[in-house]
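The next block is entry_2.pdb, given as PDB, C-alpha atoms, pLDDT in the B column.
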```
ATOM      1  CA  MET A 619       0.000   0.000   0.000  1.00 44.00           C
ATOM      2  CA  GLY A 620       1.399   3.431  -0.916  1.00 44.00           C
ATOM      3  CA  HIS A 621       2.043   6.074   1.738  1.00 44.00           C
ATOM      4  CA  CYS A 622      -1.016   8.179   0.787  1.00 45.00           C
ATOM      5  CA  ALA A 623      -3.354   5.181   0.653  1.00 45.00           C
ATOM      6  CA  HIS A 624      -1.981   3.972   3.988  1.00 46.00           C
ATOM      7  CA  LEU A 625      -2.535   7.420   5.524  1.00 45.00           C
ATOM      8  CA  ASP A 626      -6.115   7.538   4.180  1.00 47.00           C
ATOM      9  CA  ALA A 627      -6.801   4.110   5.706  1.00 46.00           C
ATOM     10  CA  ILE A 628      -5.488   5.263   9.086  1.00 45.00           C
ATOM     11  CA  ARG A 629      -7.638   8.377   8.975  1.00 45.00           C
ATOM     12  CA  ARG A 630     -10.745   6.399   8.014  1.00 42.00           C
ATOM     13  CA  SER A 631     -10.209   3.888  10.826  1.00 44.00           C
ATOM     14  CA  ARG A 632      -9.736   6.675  13.368  1.00 42.00           C
ATOM     15  CA  ARG A 633     -12.904   8.468  12.253  1.00 40.00           C
ATOM     16  CA  ALA A 634     -14.848   5.218  12.495  1.00 38.00           C
ATOM     17  CA  GLY A 635     -13.694   4.622  16.060  1.00 39.00           C
ATOM     18  CA  ALA A 636     -13.506   8.198  17.264  1.00 39.00           C
ATOM     19  CA  GLY A 637     -16.949   8.296  18.833  1.00 39.00           C
ATOM     20  CA  GLY A 638     -17.154  12.078  18.529  1.00 40.00           C
ATOM     21  CA  SER A 639     -13.724  12.833  19.938  1.00 52.00           C
ATOM     22  CA  GLY A 640     -10.861  14.195  17.852  1.00 64.00           C
ATOM     23  CA  GLU A 641      -8.298  12.049  16.121  1.00 85.00           C
ATOM     24  CA  HIS A 642      -5.635  10.665  18.465  1.00 94.00           C
ATOM     25  CA  MET A 643      -1.998  10.294  17.562  1.00 97.00           C
ATOM     26  CA  ILE A 644       1.487  10.267  18.988  1.00 98.00           C
ATOM     27  CA  LEU A 645       3.726  13.278  18.279  1.00 98.00           C
ATOM     28  CA  VAL A 646       7.508  13.048  18.426  1.00 98.00           C
ATOM     29  CA  THR A 647       9.929  15.969  18.320  1.00 98.00           C
ATOM     30  CA  GLY A 648      13.665  16.219  18.655  1.00 98.00           C
ATOM     31  CA  SER A 649      16.654  18.076  17.345  1.00 98.00           C
ATOM     32  CA  ILE A 650      20.329  17.475  16.734  1.00 98.00           C
ATOM     33  CA  LEU A 651      23.144  19.944  16.292  1.00 98.00           C
ATOM     34  CA  ALA A 652      25.605  18.733  13.663  1.00 98.00           C
ATOM     35  CA  ARG A 653      29.242  19.672  13.483  1.00 97.00           C
ATOM     36  CA  ALA A 654      30.004  21.991  10.549  1.00 97.00           C
ATOM     37  CA  ASP A 655      32.330  19.425   8.979  1.00 98.00           C
ATOM     38  CA  THR A 656      29.719  16.635   9.145  1.00 98.00           C
ATOM     39  CA  PHE A 657      26.523  18.583   8.435  1.00 98.00           C
ATOM     40  CA  ASP A 658      26.063  17.425   4.833  1.00 98.00           C
ATOM     41  CA  ASP A 659      26.501  13.765   5.804  1.00 98.00           C
ATOM     42  CA  VAL A 660      24.200  14.116   8.831  1.00 98.00           C
ATOM     43  CA  LEU A 661      21.538  15.807   6.690  1.00 98.00           C
ATOM     44  CA  ARG A 662      21.798  13.075   4.051  1.00 98.00           C
ATOM     45  CA  SER A 663      21.483  10.358   6.725  1.00 98.00           C
ATOM     46  CA  SER A 664      18.538  12.200   8.291  1.00 98.00           C
ATOM     47  CA  ILE A 665      16.687  12.434   4.986  1.00 98.00           C
ATOM     48  CA  GLU A 666      17.286   8.716   4.326  1.00 98.00           C
ATOM     49  CA  HIS A 667      15.984   7.916   7.833  1.00 98.00           C
ATOM     50  CA  VAL A 668      12.889  10.080   7.309  1.00 98.00           C
ATOM     51  CA  GLU A 669      12.111   8.565   3.911  1.00 98.00           C
ATOM     52  CA  ARG A 670      12.508   5.014   5.248  1.00 98.00           C
ATOM     53  CA  SER A 671      10.403   5.802   8.313  1.00 98.00           C
ATOM     54  CA  ARG A 672       7.543   7.135   6.173  1.00 98.00           C
ATOM     55  CA  THR A 673       7.052   3.636   4.747  1.00 98.00           C
ATOM     56  CA  GLU A 674       6.530   2.041   8.169  1.00 98.00           C
ATOM     57  CA  PRO A 675       3.040   0.988   9.288  1.00 97.00           C
ATOM     58  CA  GLY A 676       1.448   3.643  11.500  1.00 97.00           C
ATOM     59  CA  CYS A 677       3.620   6.512  10.293  1.00 98.00           C
ATOM     60  CA  ILE A 678       1.368   9.476   9.545  1.00 97.00           C
ATOM     61  CA  SER A 679       4.243  11.873   8.905  1.00 97.00           C
ATOM     62  CA  HIS A 680       7.976  12.036   9.519  1.00 98.00           C
ATOM     63  CA  ASP A 681       9.926  15.183   8.666  1.00 98.00           C
ATOM     64  CA  VAL A 682      13.301  16.812   9.206  1.00 98.00           C
ATOM     65  CA  HIS A 683      13.799  20.585   8.952  1.00 98.00           C
ATOM     66  CA  VAL A 684      16.841  22.844   9.013  1.00 98.00           C
ATOM     67  CA  ASP A 685      16.546  25.457  11.786  1.00 98.00           C
ATOM     68  CA  CYS A 686      16.571  28.878  10.090  1.00 97.00           C
ATOM     69  CA  GLN A 687      18.120  30.482  13.198  1.00 98.00           C
ATOM     70  CA  ASN A 688      20.868  27.878  13.520  1.00 97.00           C
ATOM     71  CA  PRO A 689      21.502  26.127  10.206  1.00 97.00           C
ATOM     72  CA  MET A 690      23.557  23.384  11.881  1.00 98.00           C
ATOM     73  CA  ARG A 691      20.471  22.256  13.864  1.00 98.00           C
ATOM     74  CA  LEU A 692      18.072  19.714  12.392  1.00 98.00           C
ATOM     75  CA  PHE A 693      14.569  19.468  13.851  1.00 98.00           C
ATOM     76  CA  PHE A 694      12.519  16.283  13.583  1.00 98.00           C
ATOM     77  CA  PHE A 695       8.711  16.186  13.722  1.00 98.00           C
ATOM     78  CA  GLU A 696       6.826  12.898  13.560  1.00 98.00           C
ATOM     79  CA  GLN A 697       3.206  11.786  13.814  1.00 98.00           C
ATOM     80  CA  TRP A 698       2.378   8.156  14.583  1.00 98.00           C
ATOM     81  CA  ALA A 699      -0.992   6.392  14.684  1.00 97.00           C
ATOM     82  CA  ASP A 700      -0.345   4.886  18.125  1.00 97.00           C
ATOM     83  CA  GLU A 701       2.304   3.932  20.671  1.00 97.00           C
ATOM     84  CA  ALA A 702       2.686   0.428  19.249  1.00 98.00           C
ATOM     85  CA  ALA A 703       3.660   1.833  15.842  1.00 98.00           C
ATOM     86  CA  LEU A 704       6.180   4.161  17.480  1.00 98.00           C
ATOM     87  CA  ARG A 705       7.692   1.349  19.574  1.00 98.00           C
ATOM     88  CA  THR A 706       8.014  -0.755  16.431  1.00 98.00           C
ATOM     89  CA  HIS A 707       9.708   2.193  14.670  1.00 98.00           C
ATOM     90  CA  PHE A 708      12.259   2.516  17.477  1.00 97.00           C
ATOM     91  CA  ALA A 709      12.976  -1.248  17.261  1.00 98.00           C
ATOM     92  CA  VAL A 710      13.570  -1.260  13.485  1.00 97.00           C
ATOM     93  CA  GLU A 711      17.253  -1.880  12.767  1.00 98.00           C
ATOM     94  CA  GLY A 712      17.331   1.114  10.400  1.00 97.00           C
ATOM     95  CA  SER A 713      16.211   3.435  13.211  1.00 97.00           C
ATOM     96  CA  LYS A 714      18.789   2.057  15.621  1.00 97.00           C
ATOM     97  CA  ALA A 715      21.498   2.291  12.947  1.00 98.00           C
ATOM     98  CA  PHE A 716      20.582   5.928  12.257  1.00 98.00           C
ATOM     99  CA  VAL A 717      20.968   6.836  15.935  1.00 97.00           C
ATOM    100  CA  ARG A 718      24.295   4.968  16.122  1.00 97.00           C
ATOM    101  CA  SER A 719      25.509   6.771  12.993  1.00 97.00           C
ATOM    102  CA  LEU A 720      25.165  10.164  14.699  1.00 97.00           C
ATOM    103  CA  LYS A 721      27.834   9.370  17.290  1.00 96.00           C
ATOM    104  CA  GLY A 722      30.814  11.620  16.719  1.00 96.00           C
ATOM    105  CA  ARG A 723      28.994  13.587  14.012  1.00 97.00           C
ATOM    106  CA  ILE A 724      26.808  15.787  16.223  1.00 98.00           C
ATOM    107  CA  VAL A 725      27.530  18.273  19.001  1.00 97.00           C
ATOM    108  CA  GLU A 726      24.309  17.774  20.971  1.00 97.00           C
ATOM    109  CA  THR A 727      20.811  16.377  20.899  1.00 96.00           C
ATOM    110  CA  SER A 728      17.620  17.573  22.558  1.00 96.00           C
ATOM    111  CA  GLY A 729      16.641  13.974  23.097  1.00 95.00           C
ATOM    112  CA  THR A 730      13.345  12.537  21.934  1.00 96.00           C
ATOM    113  CA  ASN A 731      10.152  14.201  23.161  1.00 98.00           C
ATOM    114  CA  ILE A 732       6.986  12.085  22.891  1.00 98.00           C
ATOM    115  CA  TYR A 733       3.426  13.363  23.327  1.00 98.00           C
ATOM    116  CA  ARG A 734      -0.110  11.970  23.127  1.00 97.00           C
ATOM    117  CA  ALA A 735      -2.207  14.357  21.068  1.00 97.00           C
ATOM    118  CA  GLU A 736      -5.814  14.727  20.092  1.00 93.00           C
ATOM    119  CA  ALA A 737      -7.022  16.860  17.199  1.00 89.00           C
ATOM    120  CA  ILE A 738      -9.385  19.631  18.257  1.00 90.00           C
ATOM    121  CA  PRO A 739     -12.424  19.874  15.953  1.00 89.00           C
ATOM    122  CA  ARG A 740     -12.858  23.283  14.373  1.00 88.00           C
TER     123      ARG A 740
END
```
Show me this structure written as structure tokens.
Amino acid sequence: MGHCAHLDAIRRSRRAGAGGSGEHMILVTGSILARADTFDDVLRSSIEHVERSRTEPGCISHDVHVDCQNPMRLFFFEQWADEAALRTHFAVEGSKAFVRSLKGRIVETSGTNIYRAEAIPR
């Protein structure tokens, strides 16, 4: 199933089971500060990680952005259908390899911030 079709299926299943409440999801944020001499490689690895992650079951969105105030900082924003999908994502060898690959190539990390979220109907 393609990413868009998968996303539509997730949205339909949530609406069917929402019972009047907003859509629920898991939000993940985090940032890393790359060294100037490794930035291009870190960005390339980050984009590969994001693109791979988007194909995983339960991934609603997975993005990496360059901080316009500090261009060495990369900000990650993810939306997952549920905690099980996120736990599976963290256990995927590609995810673990991405984290390992950052060692020695970044100055700092904010860590991973995980939130339960519910859409507010407008």
message = Translate the PyMOL selection byres ((chain A and resi 663-677) around 6) into a concrete residue list for this structure, as a list in words.
response = Val660, Leu661, Arg662, Ile678, Ser679, His680, Trp698, Ala699 and Ala703 of chain A
key: Explicit residue set for the PyMOL selection byres ((chain A and resi 682) around 6), as a VMD selection string   = chain A and resid 681 683 693 to 694
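Run against this file, the PyMOL selection byres ((chain A and resi 732) around 6) gives back A:Leu645, A:Val646, A:Asn731, A:Tyr733.
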Output the selection as a CSV table (one decimal), keeping the file's coordinate frame - C-alpha atoms for each residue.
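For reference, out_24.csv as written:
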```csv
chain,number,residue,atom,x,y,z
A,645,LEU,CA,3.7,13.3,18.3
A,646,VAL,CA,7.5,13.0,18.4
A,731,ASN,CA,10.2,14.2,23.2
A,733,TYR,CA,3.4,13.4,23.3
```
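Counting all atoms listed in the file, Leu692 (chain A) has the following residues at most 6 Å away, ignoring those fewer than 4 positions along the same chain: Ser649, Ile650, His683, Val684 and Asp685 of chain A.
We find CA of Thr647 (chain A) and CA of Ala702 (chain A) to be spaced 17.2 Å apart.
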With 8 Å of padding per side, what axis-aligned box (centre and edge lengths, Å, one decimal) covers all the listed atoms of region 667-675 of chain A? Give it as AutoDock Vina command-line options.
```
--center_x 9.5 --center_y 5.5 --center_z 6.6 --size_x 28.9 --size_y 25.1 --size_z 21.4
```
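CA of Phe716 (chain A) lies 14.4 Å from CA of Thr656 (chain A).
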query = Near Arg734 (chain A), counting only C-alpha atoms, which residues have an atom at most 8 Å away, once you skip same-chain residues fewer than 5 positions from it, shown as a PyMOL selection string?
reply = chain A and resi 642-645
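When only C-alpha atoms are used to measure the gap to Pro739 (chain A), the shortest distance among A:Glu726, A:Glu701, A:Glu711, A:Glu641 belongs to A:Glu641.
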inquiry  = Please compute the CA of Asp655 (chain A)-CA of Glu696 (chain A) distance, one decimal, in Å.
reply    = 26.7 Å
query = Which one of A:Ala715, A:Leu704, A:Ala654, A:Met690 sits closest to Thr727 (chain A) if you count all atoms listed in the file?
reply = A:Met690
Please supply region 644-677 of chain A, rebuilt with N, CA and C atoms, as a PDB file, keeping the file's coordinate frame.
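Full text of selection_13.pdb as output:
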```pdb
ATOM      1  N   ILE A 644       0.286  10.047  18.207  1.00 98.00           N
ATOM      2  CA  ILE A 644       1.487  10.267  18.988  1.00 98.00           C
ATOM      3  C   ILE A 644       2.350  11.252  18.206  1.00 98.00           C
ATOM      4  N   LEU A 645       2.823  12.303  18.879  1.00 98.00           N
ATOM      5  CA  LEU A 645       3.726  13.278  18.279  1.00 98.00           C
ATOM      6  C   LEU A 645       5.116  13.071  18.858  1.00 98.00           C
ATOM      7  N   VAL A 646       6.119  13.188  18.003  1.00 98.00           N
ATOM      8  CA  VAL A 646       7.508  13.048  18.426  1.00 98.00           C
ATOM      9  C   VAL A 646       8.278  14.244  17.880  1.00 98.00           C
ATOM     10  N   THR A 647       9.055  14.887  18.754  1.00 98.00           N
ATOM     11  CA  THR A 647       9.929  15.969  18.320  1.00 98.00           C
ATOM     12  C   THR A 647      11.333  15.709  18.842  1.00 98.00           C
ATOM     13  N   GLY A 648      12.284  16.309  18.195  1.00 98.00           N
ATOM     14  CA  GLY A 648      13.665  16.219  18.655  1.00 98.00           C
ATOM     15  C   GLY A 648      14.543  17.028  17.727  1.00 98.00           C
ATOM     16  N   SER A 649      15.718  17.355  18.204  1.00 98.00           N
ATOM     17  CA  SER A 649      16.654  18.076  17.345  1.00 98.00           C
ATOM     18  C   SER A 649      18.073  17.601  17.624  1.00 98.00           C
ATOM     19  N   ILE A 650      18.909  17.775  16.602  1.00 98.00           N
ATOM     20  CA  ILE A 650      20.329  17.475  16.734  1.00 98.00           C
ATOM     21  C   ILE A 650      21.105  18.657  16.185  1.00 98.00           C
ATOM     22  N   LEU A 651      22.258  18.887  16.758  1.00 98.00           N
ATOM     23  CA  LEU A 651      23.144  19.944  16.292  1.00 98.00           C
ATOM     24  C   LEU A 651      24.367  19.262  15.685  1.00 98.00           C
ATOM     25  N   ALA A 652      24.499  19.383  14.369  1.00 98.00           N
ATOM     26  CA  ALA A 652      25.605  18.733  13.663  1.00 98.00           C
ATOM     27  C   ALA A 652      26.853  19.596  13.727  1.00 98.00           C
ATOM     28  N   ARG A 653      27.988  18.937  13.638  1.00 97.00           N
ATOM     29  CA  ARG A 653      29.242  19.672  13.483  1.00 97.00           C
ATOM     30  C   ARG A 653      29.290  20.226  12.066  1.00 97.00           C
ATOM     31  N   ALA A 654      29.931  21.360  11.875  1.00 97.00           N
ATOM     32  CA  ALA A 654      30.004  21.991  10.549  1.00 97.00           C
ATOM     33  C   ALA A 654      30.628  21.049   9.518  1.00 97.00           C
ATOM     34  N   ASP A 655      31.635  20.294   9.932  1.00 98.00           N
ATOM     35  CA  ASP A 655      32.330  19.425   8.979  1.00 98.00           C
ATOM     36  C   ASP A 655      31.566  18.138   8.663  1.00 98.00           C
ATOM     37  N   THR A 656      30.488  17.861   9.399  1.00 98.00           N
ATOM     38  CA  THR A 656      29.719  16.635   9.145  1.00 98.00           C
ATOM     39  C   THR A 656      28.275  16.938   8.737  1.00 98.00           C
ATOM     40  N   PHE A 657      27.926  18.220   8.654  1.00 98.00           N
ATOM     41  CA  PHE A 657      26.523  18.583   8.435  1.00 98.00           C
ATOM     42  C   PHE A 657      25.933  17.908   7.194  1.00 98.00           C
ATOM     43  N   ASP A 658      26.612  17.987   6.066  1.00 98.00           N
ATOM     44  CA  ASP A 658      26.063  17.425   4.833  1.00 98.00           C
ATOM     45  C   ASP A 658      25.784  15.929   4.976  1.00 98.00           C
ATOM     46  N   ASP A 659      26.701  15.201   5.598  1.00 98.00           N
ATOM     47  CA  ASP A 659      26.501  13.765   5.804  1.00 98.00           C
ATOM     48  C   ASP A 659      25.356  13.492   6.784  1.00 98.00           C
ATOM     49  N   VAL A 660      25.277  14.283   7.849  1.00 98.00           N
ATOM     50  CA  VAL A 660      24.200  14.116   8.831  1.00 98.00           C
ATOM     51  C   VAL A 660      22.853  14.416   8.178  1.00 98.00           C
ATOM     52  N   LEU A 661      22.786  15.478   7.379  1.00 98.00           N
ATOM     53  CA  LEU A 661      21.538  15.807   6.690  1.00 98.00           C
ATOM     54  C   LEU A 661      21.146  14.683   5.740  1.00 98.00           C
ATOM     55  N   ARG A 662      22.078  14.171   4.975  1.00 98.00           N
ATOM     56  CA  ARG A 662      21.798  13.075   4.051  1.00 98.00           C
ATOM     57  C   ARG A 662      21.276  11.855   4.814  1.00 98.00           C
ATOM     58  N   SER A 663      21.930  11.497   5.906  1.00 98.00           N
ATOM     59  CA  SER A 663      21.483  10.358   6.725  1.00 98.00           C
ATOM     60  C   SER A 663      20.094  10.606   7.295  1.00 98.00           C
ATOM     61  N   SER A 664      19.845  11.849   7.713  1.00 98.00           N
ATOM     62  CA  SER A 664      18.538  12.200   8.291  1.00 98.00           C
ATOM     63  C   SER A 664      17.431  12.067   7.258  1.00 98.00           C
ATOM     64  N   ILE A 665      17.689  12.537   6.050  1.00 98.00           N
ATOM     65  CA  ILE A 665      16.687  12.434   4.986  1.00 98.00           C
ATOM     66  C   ILE A 665      16.420  10.964   4.644  1.00 98.00           C
ATOM     67  N   GLU A 666      17.472  10.152   4.581  1.00 98.00           N
ATOM     68  CA  GLU A 666      17.286   8.716   4.326  1.00 98.00           C
ATOM     69  C   GLU A 666      16.451   8.080   5.435  1.00 98.00           C
ATOM     70  N   HIS A 667      16.743   8.443   6.688  1.00 98.00           N
ATOM     71  CA  HIS A 667      15.984   7.916   7.833  1.00 98.00           C
ATOM     72  C   HIS A 667      14.515   8.318   7.735  1.00 98.00           C
ATOM     73  N   VAL A 668      14.258   9.577   7.424  1.00 98.00           N
ATOM     74  CA  VAL A 668      12.889  10.080   7.309  1.00 98.00           C
ATOM     75  C   VAL A 668      12.143   9.340   6.198  1.00 98.00           C
ATOM     76  N   GLU A 669      12.778   9.220   5.039  1.00 98.00           N
ATOM     77  CA  GLU A 669      12.111   8.565   3.911  1.00 98.00           C
ATOM     78  C   GLU A 669      11.819   7.095   4.208  1.00 98.00           C
ATOM     79  N   ARG A 670      12.748   6.404   4.873  1.00 98.00           N
ATOM     80  CA  ARG A 670      12.508   5.014   5.248  1.00 98.00           C
ATOM     81  C   ARG A 670      11.380   4.926   6.267  1.00 98.00           C
ATOM     82  N   SER A 671      11.402   5.827   7.253  1.00 98.00           N
ATOM     83  CA  SER A 671      10.403   5.802   8.313  1.00 98.00           C
ATOM     84  C   SER A 671       8.996   6.032   7.781  1.00 98.00           C
ATOM     85  N   ARG A 672       8.863   6.851   6.752  1.00 98.00           N
ATOM     86  CA  ARG A 672       7.543   7.135   6.173  1.00 98.00           C
ATOM     87  C   ARG A 672       6.867   5.895   5.606  1.00 98.00           C
ATOM     88  N   THR A 673       7.636   4.858   5.308  1.00 98.00           N
ATOM     89  CA  THR A 673       7.052   3.636   4.747  1.00 98.00           C
ATOM     90  C   THR A 673       6.590   2.665   5.831  1.00 98.00           C
ATOM     91  N   GLU A 674       6.875   2.965   7.085  1.00 98.00           N
ATOM     92  CA  GLU A 674       6.530   2.041   8.169  1.00 98.00           C
ATOM     93  C   GLU A 674       5.046   2.122   8.503  1.00 98.00           C
ATOM     94  N   PRO A 675       4.445   0.984   8.876  1.00 97.00           N
ATOM     95  CA  PRO A 675       3.040   0.988   9.288  1.00 97.00           C
ATOM     96  C   PRO A 675       2.833   1.936  10.476  1.00 97.00           C
ATOM     97  N   GLY A 676       1.784   2.728  10.408  1.00 97.00           N
ATOM     98  CA  GLY A 676       1.448   3.643  11.500  1.00 97.00           C
ATOM     99  C   GLY A 676       2.102   4.997  11.412  1.00 97.00           C
ATOM    100  N   CYS A 677       2.999   5.199  10.450  1.00 98.00           N
ATOM    101  CA  CYS A 677       3.620   6.512  10.293  1.00 98.00           C
ATOM    102  C   CYS A 677       2.665   7.418   9.534  1.00 98.00           C
TER     103      CYS A 677
END
```
